[in-house]
$ cat protein_7.tsv   # TSV, C-alpha atoms
chain	number	residue	atom	x	y	z
A	1	MET	CA	37.75	-18.34	2.90
A	2	ILE	CA	36.01	-21.42	1.50
A	3	LYS	CA	34.10	-21.78	4.74
A	4	ILE	CA	32.92	-18.18	4.51
A	5	LEU	CA	31.78	-18.70	0.95
A	6	LEU	CA	29.94	-21.86	1.94
A	7	LEU	CA	28.28	-20.05	4.82
A	8	SER	CA	27.24	-17.12	2.63
A	9	SER	CA	25.86	-19.49	0.02
A	10	LEU	CA	23.46	-20.73	2.69
A	11	PHE	CA	21.87	-17.28	2.68
A	12	MET	CA	22.09	-16.81	-1.08
A	13	PHE	CA	20.63	-20.13	-2.12
A	14	SER	CA	18.11	-20.46	0.63
A	15	ALA	CA	14.74	-21.92	-0.32
A	16	CYS	CA	13.04	-19.12	1.58
A	17	THR	CA	12.41	-15.93	-0.28
A	18	HIS	CA	11.17	-12.52	0.64
A	19	VAL	CA	7.73	-11.69	-0.71
A	20	SER	CA	7.15	-7.99	-1.23
A	21	PRO	CA	3.95	-6.60	0.32
A	22	TYR	CA	2.64	-5.71	-3.14
A	23	ASP	CA	3.04	-9.34	-4.25
A	24	LYS	CA	0.92	-10.79	-1.47
A	25	GLU	CA	-2.35	-10.96	-3.36
A	26	ASP	CA	-2.50	-14.75	-3.31
A	27	LEU	CA	-1.24	-14.97	0.25
A	28	ALA	CA	-3.93	-12.51	1.38
A	29	SER	CA	-6.67	-14.67	-0.08
A	30	THR	CA	-9.07	-16.17	2.45
A	31	LYS	CA	-8.46	-19.52	0.75
A	32	MET	CA	-4.99	-19.45	2.23
A	33	LEU	CA	-6.39	-19.55	5.76
A	34	ASN	CA	-7.75	-23.07	5.28
A	35	PRO	CA	-9.17	-23.40	8.81
A	36	ALA	CA	-10.25	-26.79	10.10
A	37	ASN	CA	-13.66	-25.39	10.99
A	38	PRO	CA	-14.46	-22.22	9.00
A	39	GLN	CA	-17.55	-21.30	11.05
A	40	GLU	CA	-15.79	-21.65	14.37
A	41	SER	CA	-12.79	-19.76	13.01
A	42	ALA	CA	-14.99	-16.86	11.82
A	43	PHE	CA	-16.69	-16.72	15.21
A	44	GLU	CA	-13.36	-16.80	17.05
A	45	SER	CA	-11.87	-14.03	14.86
A	46	HIS	CA	-14.94	-11.91	15.66
A	47	VAL	CA	-14.89	-12.54	19.40
A	48	PHE	CA	-11.13	-12.49	20.03
A	49	PRO	CA	-10.46	-8.75	19.45
A	50	ILE	CA	-13.53	-7.83	21.55
A	51	ARG	CA	-12.55	-10.13	24.40
A	52	GLU	CA	-8.92	-9.06	24.39
A	53	GLY	CA	-9.57	-5.37	23.73
A	54	SER	CA	-7.16	-5.32	20.84
A	55	PHE	CA	-7.06	-6.15	17.19
A	56	GLY	CA	-4.66	-6.28	14.31
A	57	ALA	CA	-1.93	-8.57	12.97
A	58	THR	CA	-4.60	-11.03	11.90
A	59	SER	CA	-7.23	-11.05	9.22
A	60	GLY	CA	-9.60	-9.41	11.73
A	61	PHE	CA	-10.43	-5.76	11.07
A	62	SER	CA	-12.82	-3.64	13.05
A	63	GLY	CA	-13.11	-0.61	15.23
A	64	GLY	CA	-13.07	-2.70	18.38
A	65	CYS	CA	-16.72	-1.86	19.06
A	66	GLY	CA	-17.87	-5.42	18.45
A	67	CYS	CA	-20.38	-4.30	15.85
A	68	LYS	CA	-18.59	-5.19	12.65
B	1	MET	CA	36.41	-21.21	12.88
B	2	LYS	CA	37.39	-17.60	12.44
B	3	ILE	CA	34.51	-15.73	10.90
B	4	ASN	CA	35.00	-12.50	9.05
B	5	THR	CA	32.07	-10.57	10.55
B	6	LYS	CA	32.43	-7.61	8.22
B	7	LEU	CA	32.16	-9.81	5.15
B	8	ILE	CA	29.17	-11.68	6.54
B	9	SER	CA	27.42	-8.42	7.49
B	10	LEU	CA	27.96	-7.16	3.96
B	11	LEU	CA	26.56	-10.36	2.51
B	12	LEU	CA	23.52	-10.12	4.75
B	13	LEU	CA	22.93	-6.52	3.76
B	14	THR	CA	22.93	-7.47	0.12
B	15	GLN	CA	20.18	-9.97	0.91
B	16	LEU	CA	18.02	-7.53	2.83
B	17	SER	CA	16.89	-4.20	1.52
B	18	LEU	CA	16.00	-2.27	4.62
B	19	PHE	CA	15.04	1.08	3.23
B	20	GLY	CA	12.16	1.95	0.98
B	21	VAL	CA	11.06	5.29	-0.36
B	22	GLU	CA	12.18	8.35	1.60
B	23	VAL	CA	11.39	12.04	1.90
B	24	GLY	CA	13.34	14.03	-0.70
B	25	ASP	CA	13.34	11.25	-3.31
B	26	THR	CA	12.27	12.22	-6.79
B	27	THR	CA	9.15	10.73	-8.29
B	28	LYS	CA	8.86	8.43	-11.26
B	29	ALA	CA	7.09	9.75	-14.34
B	30	PHE	CA	4.35	7.39	-15.46
B	31	THR	CA	1.50	6.97	-17.88
B	32	LEU	CA	-1.06	4.44	-16.71
B	33	PRO	CA	-4.58	3.57	-17.84
B	34	LEU	CA	-7.45	4.97	-15.83
B	35	LEU	CA	-9.30	2.19	-14.05
B	36	SER	CA	-11.93	0.63	-16.33
B	37	GLN	CA	-11.52	3.38	-18.91
B	38	GLU	CA	-9.73	3.51	-22.22
B	39	LYS	CA	-8.09	6.83	-21.41
B	40	SER	CA	-4.77	7.01	-19.64
B	41	PHE	CA	-3.35	9.26	-16.99
B	42	ASP	CA	-0.01	11.01	-17.43
B	43	SER	CA	1.87	12.11	-14.32
B	44	LYS	CA	3.09	15.17	-16.25
B	45	SER	CA	-0.33	16.71	-15.66
B	46	VAL	CA	0.39	16.94	-11.91
B	47	ASP	CA	4.11	17.69	-12.10
B	48	ASN	CA	3.76	21.22	-10.80
B	49	SER	CA	1.18	20.59	-8.13
B	50	VAL	CA	0.64	18.94	-4.78
B	51	TYR	CA	-0.81	15.45	-4.95
B	52	LEU	CA	-1.10	12.23	-3.00
B	53	LEU	CA	0.01	9.04	-4.69
B	54	ASN	CA	-1.65	6.10	-2.99
B	55	ILE	CA	-0.81	2.49	-3.81
B	56	TRP	CA	-3.63	0.10	-3.03
B	57	ALA	CA	-5.12	-3.28	-3.78
B	58	GLN	CA	-8.58	-4.73	-3.60
B	59	TRP	CA	-7.35	-7.62	-1.42
B	60	CYS	CA	-6.08	-5.17	1.22
B	61	LYS	CA	-8.77	-4.30	3.76
B	62	GLY	CA	-6.98	-1.23	5.09
B	63	CYS	CA	-6.65	0.18	1.55
B	64	LYS	CA	-10.38	-0.04	0.96
B	65	ALA	CA	-11.25	1.37	4.37
B	66	GLU	CA	-9.44	4.66	3.73
B	67	MET	CA	-11.04	5.40	0.33
B	68	PRO	CA	-14.03	7.40	1.68
B	69	LEU	CA	-11.53	9.51	3.64
B	70	PHE	CA	-9.47	10.11	0.48
B	71	ASP	CA	-12.59	11.08	-1.42
B	72	ASN	CA	-13.43	13.64	1.23
B	73	VAL	CA	-9.89	15.08	1.30
B	74	ALA	CA	-9.68	15.24	-2.51
B	75	LYS	CA	-12.97	17.15	-2.58
B	76	LYS	CA	-11.89	19.48	0.24
B	77	TYR	CA	-8.67	20.62	-1.47
B	78	ALA	CA	-9.74	20.33	-5.12
B	79	LYS	CA	-10.06	24.12	-5.36
B	80	ASP	CA	-6.33	24.39	-4.54
B	81	GLY	CA	-5.41	22.03	-7.37
B	82	PHE	CA	-4.76	19.12	-5.02
B	83	LYS	CA	-5.37	15.63	-6.39
B	84	ILE	CA	-5.34	12.09	-5.07
B	85	ILE	CA	-4.13	9.42	-7.45
B	86	ALA	CA	-4.91	5.90	-6.30
B	87	VAL	CA	-2.80	3.30	-8.08
B	88	ASN	CA	-4.37	-0.14	-8.08
B	89	ILE	CA	-2.06	-3.16	-8.30
B	90	ASP	CA	-4.53	-6.03	-8.47
B	91	SER	CA	-3.85	-8.83	-10.92
B	92	LYS	CA	-7.41	-8.48	-12.24
B	93	GLU	CA	-8.69	-5.01	-13.06
B	94	LYS	CA	-12.30	-6.20	-12.76
B	95	LYS	CA	-12.01	-6.70	-9.00
B	96	ALA	CA	-10.80	-3.14	-8.48
B	97	SER	CA	-13.45	-1.70	-10.81
B	98	LYS	CA	-16.14	-3.55	-8.90
B	99	PHE	CA	-14.90	-2.07	-5.65
B	100	VAL	CA	-14.84	1.47	-7.10
B	101	ARG	CA	-18.42	1.08	-8.37
B	102	LYS	CA	-19.47	-0.09	-4.91
B	103	LEU	CA	-17.63	2.82	-3.29
B	104	GLU	CA	-19.28	5.36	-5.59
B	105	SER	CA	-22.73	3.96	-4.95
B	106	LYS	CA	-22.03	4.18	-1.21
B	107	LEU	CA	-20.77	7.76	-1.55
B	108	GLY	CA	-23.69	8.67	-3.75
B	109	HIS	CA	-21.52	10.50	-6.28
B	110	LYS	CA	-18.60	9.96	-8.64
B	111	SER	CA	-15.40	9.61	-6.67
B	112	ASN	CA	-13.03	12.59	-6.47
B	113	ILE	CA	-10.09	10.19	-6.52
B	114	ILE	CA	-8.26	9.49	-9.77
B	115	PHE	CA	-8.06	5.71	-10.04
B	116	VAL	CA	-5.32	4.28	-12.25
B	117	TYR	CA	-4.35	0.69	-12.91
B	118	ASP	CA	-0.78	-0.58	-12.68
B	119	LYS	CA	-0.88	-4.23	-13.70
B	120	LYS	CA	2.92	-4.56	-13.81
B	121	LYS	CA	3.26	-3.01	-10.33
B	122	SER	CA	5.87	-0.66	-11.71
B	123	LEU	CA	5.23	2.05	-9.10
B	124	PRO	CA	5.41	-0.10	-5.94
B	125	LYS	CA	8.53	-1.71	-7.38
B	126	TYR	CA	10.12	1.65	-8.14
B	127	TYR	CA	9.30	3.05	-4.69
B	128	ASP	CA	10.17	-0.26	-3.04
B	129	ALA	CA	6.91	-0.22	-1.09
B	130	LYS	CA	7.46	-1.87	2.27
B	131	VAL	CA	3.77	-1.88	3.14
B	132	ILE	CA	0.41	-1.77	1.41
B	133	PRO	CA	-1.22	0.72	1.49
B	134	ILE	CA	1.45	3.35	1.14
B	135	SER	CA	0.76	7.00	0.36
B	136	LEU	CA	3.28	9.54	-0.87
B	137	LEU	CA	2.61	13.23	-0.58
B	138	ILE	CA	4.32	14.92	-3.49
B	139	LYS	CA	5.06	18.51	-4.39
B	140	ASN	CA	6.79	19.59	-7.60
B	141	GLY	CA	7.99	16.08	-8.31
B	142	LYS	CA	9.58	15.55	-4.89
B	143	ILE	CA	8.35	13.32	-2.09
B	144	GLU	CA	7.49	15.47	0.92
B	145	LYS	CA	5.93	12.87	3.20
B	146	VAL	CA	5.57	9.10	3.29
B	147	PHE	CA	2.55	7.58	5.02
B	148	MET	CA	2.83	3.86	5.67
B	149	GLY	CA	-0.37	1.96	6.36
B	150	SER	CA	-3.90	3.24	6.26
B	151	PHE	CA	-5.27	6.45	7.72
B	152	SER	CA	-7.74	6.28	10.57
B	153	ASP	CA	-8.61	9.98	10.35
B	154	GLU	CA	-7.81	12.82	7.97
B	155	LYS	CA	-6.27	15.19	10.51
B	156	GLU	CA	-2.60	14.37	9.86
B	157	LEU	CA	-3.08	14.23	6.11
B	158	SER	CA	-4.95	17.55	6.05
B	159	GLN	CA	-2.23	19.23	8.12
B	160	GLU	CA	0.48	18.09	5.72
B	161	ILE	CA	-1.51	19.09	2.64
B	162	GLU	CA	-2.18	22.55	4.06
B	163	ARG	CA	1.53	22.94	4.87
B	164	LEU	CA	2.46	22.14	1.26
B	165	LEU	CA	-0.27	24.25	-0.28
B	166	LYS	CA	0.93	27.40	1.49
$ encode --input "protein_7.tsv" --output "structure tokens"
Amino acid sequence: MIKILLLSSLFMFSACTHVSPYDKEDLASTKMLNPANPQESAFESHVFPIREGSFGATSGFSGGCGCK
Amino acid sequence: MKINTKLISLLLLTQLSLFGVEVGDTTKAFTLPLLSQEKSFDSKSVDNSVYLLNIWAQWCKGCKAEMPLFDNVAKKYAKDGFKIIAVNIDSKEKKASKFVRKLESKLGHKSNIIFVYDKKKSLPKYYDAKVIPISLLIKNGKIEKVFMGSFSDEKELSQEIERLLK
């Protein structure tokens, strides 16, 4: 029983916490991206969805037409 | 070590809340200030009608992208008493107001959407919003449809509104 309680405490007192989508204002900030080379990163995020024919799950947002 | 799987599953479930707002849930009554206005909006005024409650933020690109669509839909069904209430949850009201001004200048008219400001995020907390944006289609105080994410076209939304307006 003690082992179970110890194991469960790992989940309860974990340093990781769930952030609700409506609390992600700071996380959504572009400052949080902190790329090594901002210009190259902006170019890559523009080109990647066009080259791969897909977009989403990144900060990129366009209609896939390459004209954003 | 013998592990009690049932107990561990229960403990895990208490840590994770898997379900958010669902069809059939009742709505929360609210009074919130209108965005960049001194007046406030009371949900009682739409209690007996069909309306869309949209939760959005200025930092969410998808939320902003669907606003012209909402404006169009709100205008289209205004004669039937349909309303769109967009609840902003930004930490700074100024940012949202700036976006609305920009939107209205782009549209070339005053928006048909009712913008309210929820600084304390009471509505997304109450509805346990799992995504932003989230839109709830409501009739007579009951949730009839939950739309997660942003709309790419108004077809699905229009169909649901027409179904509820009948």
$ closest_atom_pairs --input "protein_7.tsv" --of "chain A" --to "chain B" --cutoff "7 Å" --atoms "only C-alpha atoms" --output "JSON lines"
{"residue": "A:Ser8", "atom": "CA", "partner": "B:Leu11", "partner_atom": "CA", "distance": 6.8}
{"residue": "A:Pro21", "atom": "CA", "partner": "B:Val131", "partner_atom": "CA", "distance": 5.5}
{"residue": "A:Tyr22", "atom": "CA", "partner": "B:Ile132", "partner_atom": "CA", "distance": 6.4}
{"residue": "A:Glu25", "atom": "CA", "partner": "B:Trp59", "partner_atom": "CA", "distance": 6.3}
{"residue": "A:Ala28", "atom": "CA", "partner": "B:Trp59", "partner_atom": "CA", "distance": 6.6}
$ axis_aligned_box --input "protein_7.tsv" --around "segment 73-88 of chain B" --padding-each-side "5 Å" --output "lines of an AutoDock Vina configuration file"
center_x = -7.9
center_y = 12.1
center_z = -3.4
size_x = 20.2
size_y = 34.5
size_z = 19.4
$ atom_distance --input "protein_7.tsv" --atom1 "atom CA of Ile113 of chain B" --atom2 "atom CA of Tyr127 of chain B"
20.7 Å
$ atom_distance --input "protein_7.tsv" --atom1 "atom CA of Lys142 of chain B" --atom2 "atom CA of Leu164 of chain B"
11.5 Å
$ atom_distance --input "protein_7.tsv" --atom1 "atom CA of Ile143 of chain B" --atom2 "atom CA of Lys28 of chain B"
10.4 Å
$ residues_around --input "protein_7.tsv" --residues "Ile138 of chain B" --least-positions-apart "2" --cutoff "7 Å" --atoms "all atoms listed in the file" --output "compact mmCIF listing (two decimals) with C-alpha atoms, in the coordinates of the input"
# COMPACT_ATOMS: atom_id res chain seq x y z
CA VAL B 50 0.64 18.94 -4.78
CA TYR B 51 -0.81 15.45 -4.95
CA LEU B 52 -1.10 12.23 -3.00
CA LEU B 136 3.28 9.54 -0.87
CA ASN B 140 6.79 19.59 -7.60
CA GLY B 141 7.99 16.08 -8.31
CA LYS B 142 9.58 15.55 -4.89
CA ILE B 143 8.35 13.32 -2.09
CA GLU B 144 7.49 15.47 0.92
$ closest_residue --input "protein_7.tsv" --among "B:Lys64, B:Lys76, B:Lys83, B:Lys92" --to "Asp26 of chain A" --atoms "all atoms listed in the file"
B:Lys92
$ residues_around --input "protein_7.tsv" --residues "segment 96-98 of chain B" --least-positions-apart "2" --cutoff "7 Å" --atoms "all atoms listed in the file" --output "PyMOL selection string"
chain B and resi 35-36+58+90+93-94+100-102
$ write_last_selection --input "protein_7.tsv" --atoms "C-alpha atoms" --output "PDB file, keeping the file's coordinate frame"
ATOM      1  CA  LEU B  35      -9.300   2.190 -14.050  1.00  0.00           C
ATOM      2  CA  SER B  36     -11.930   0.630 -16.330  1.00  0.00           C
ATOM      3  CA  GLN B  58      -8.580  -4.730  -3.600  1.00  0.00           C
ATOM      4  CA  ASP B  90      -4.530  -6.030  -8.470  1.00  0.00           C
ATOM      5  CA  GLU B  93      -8.690  -5.010 -13.060  1.00  0.00           C
ATOM      6  CA  LYS B  94     -12.300  -6.200 -12.760  1.00  0.00           C
ATOM      7  CA  VAL B 100     -14.840   1.470  -7.100  1.00  0.00           C
ATOM      8  CA  ARG B 101     -18.420   1.080  -8.370  1.00  0.00           C
ATOM      9  CA  LYS B 102     -19.470  -0.090  -4.910  1.00  0.00           C
TER      10      LYS B 102
END
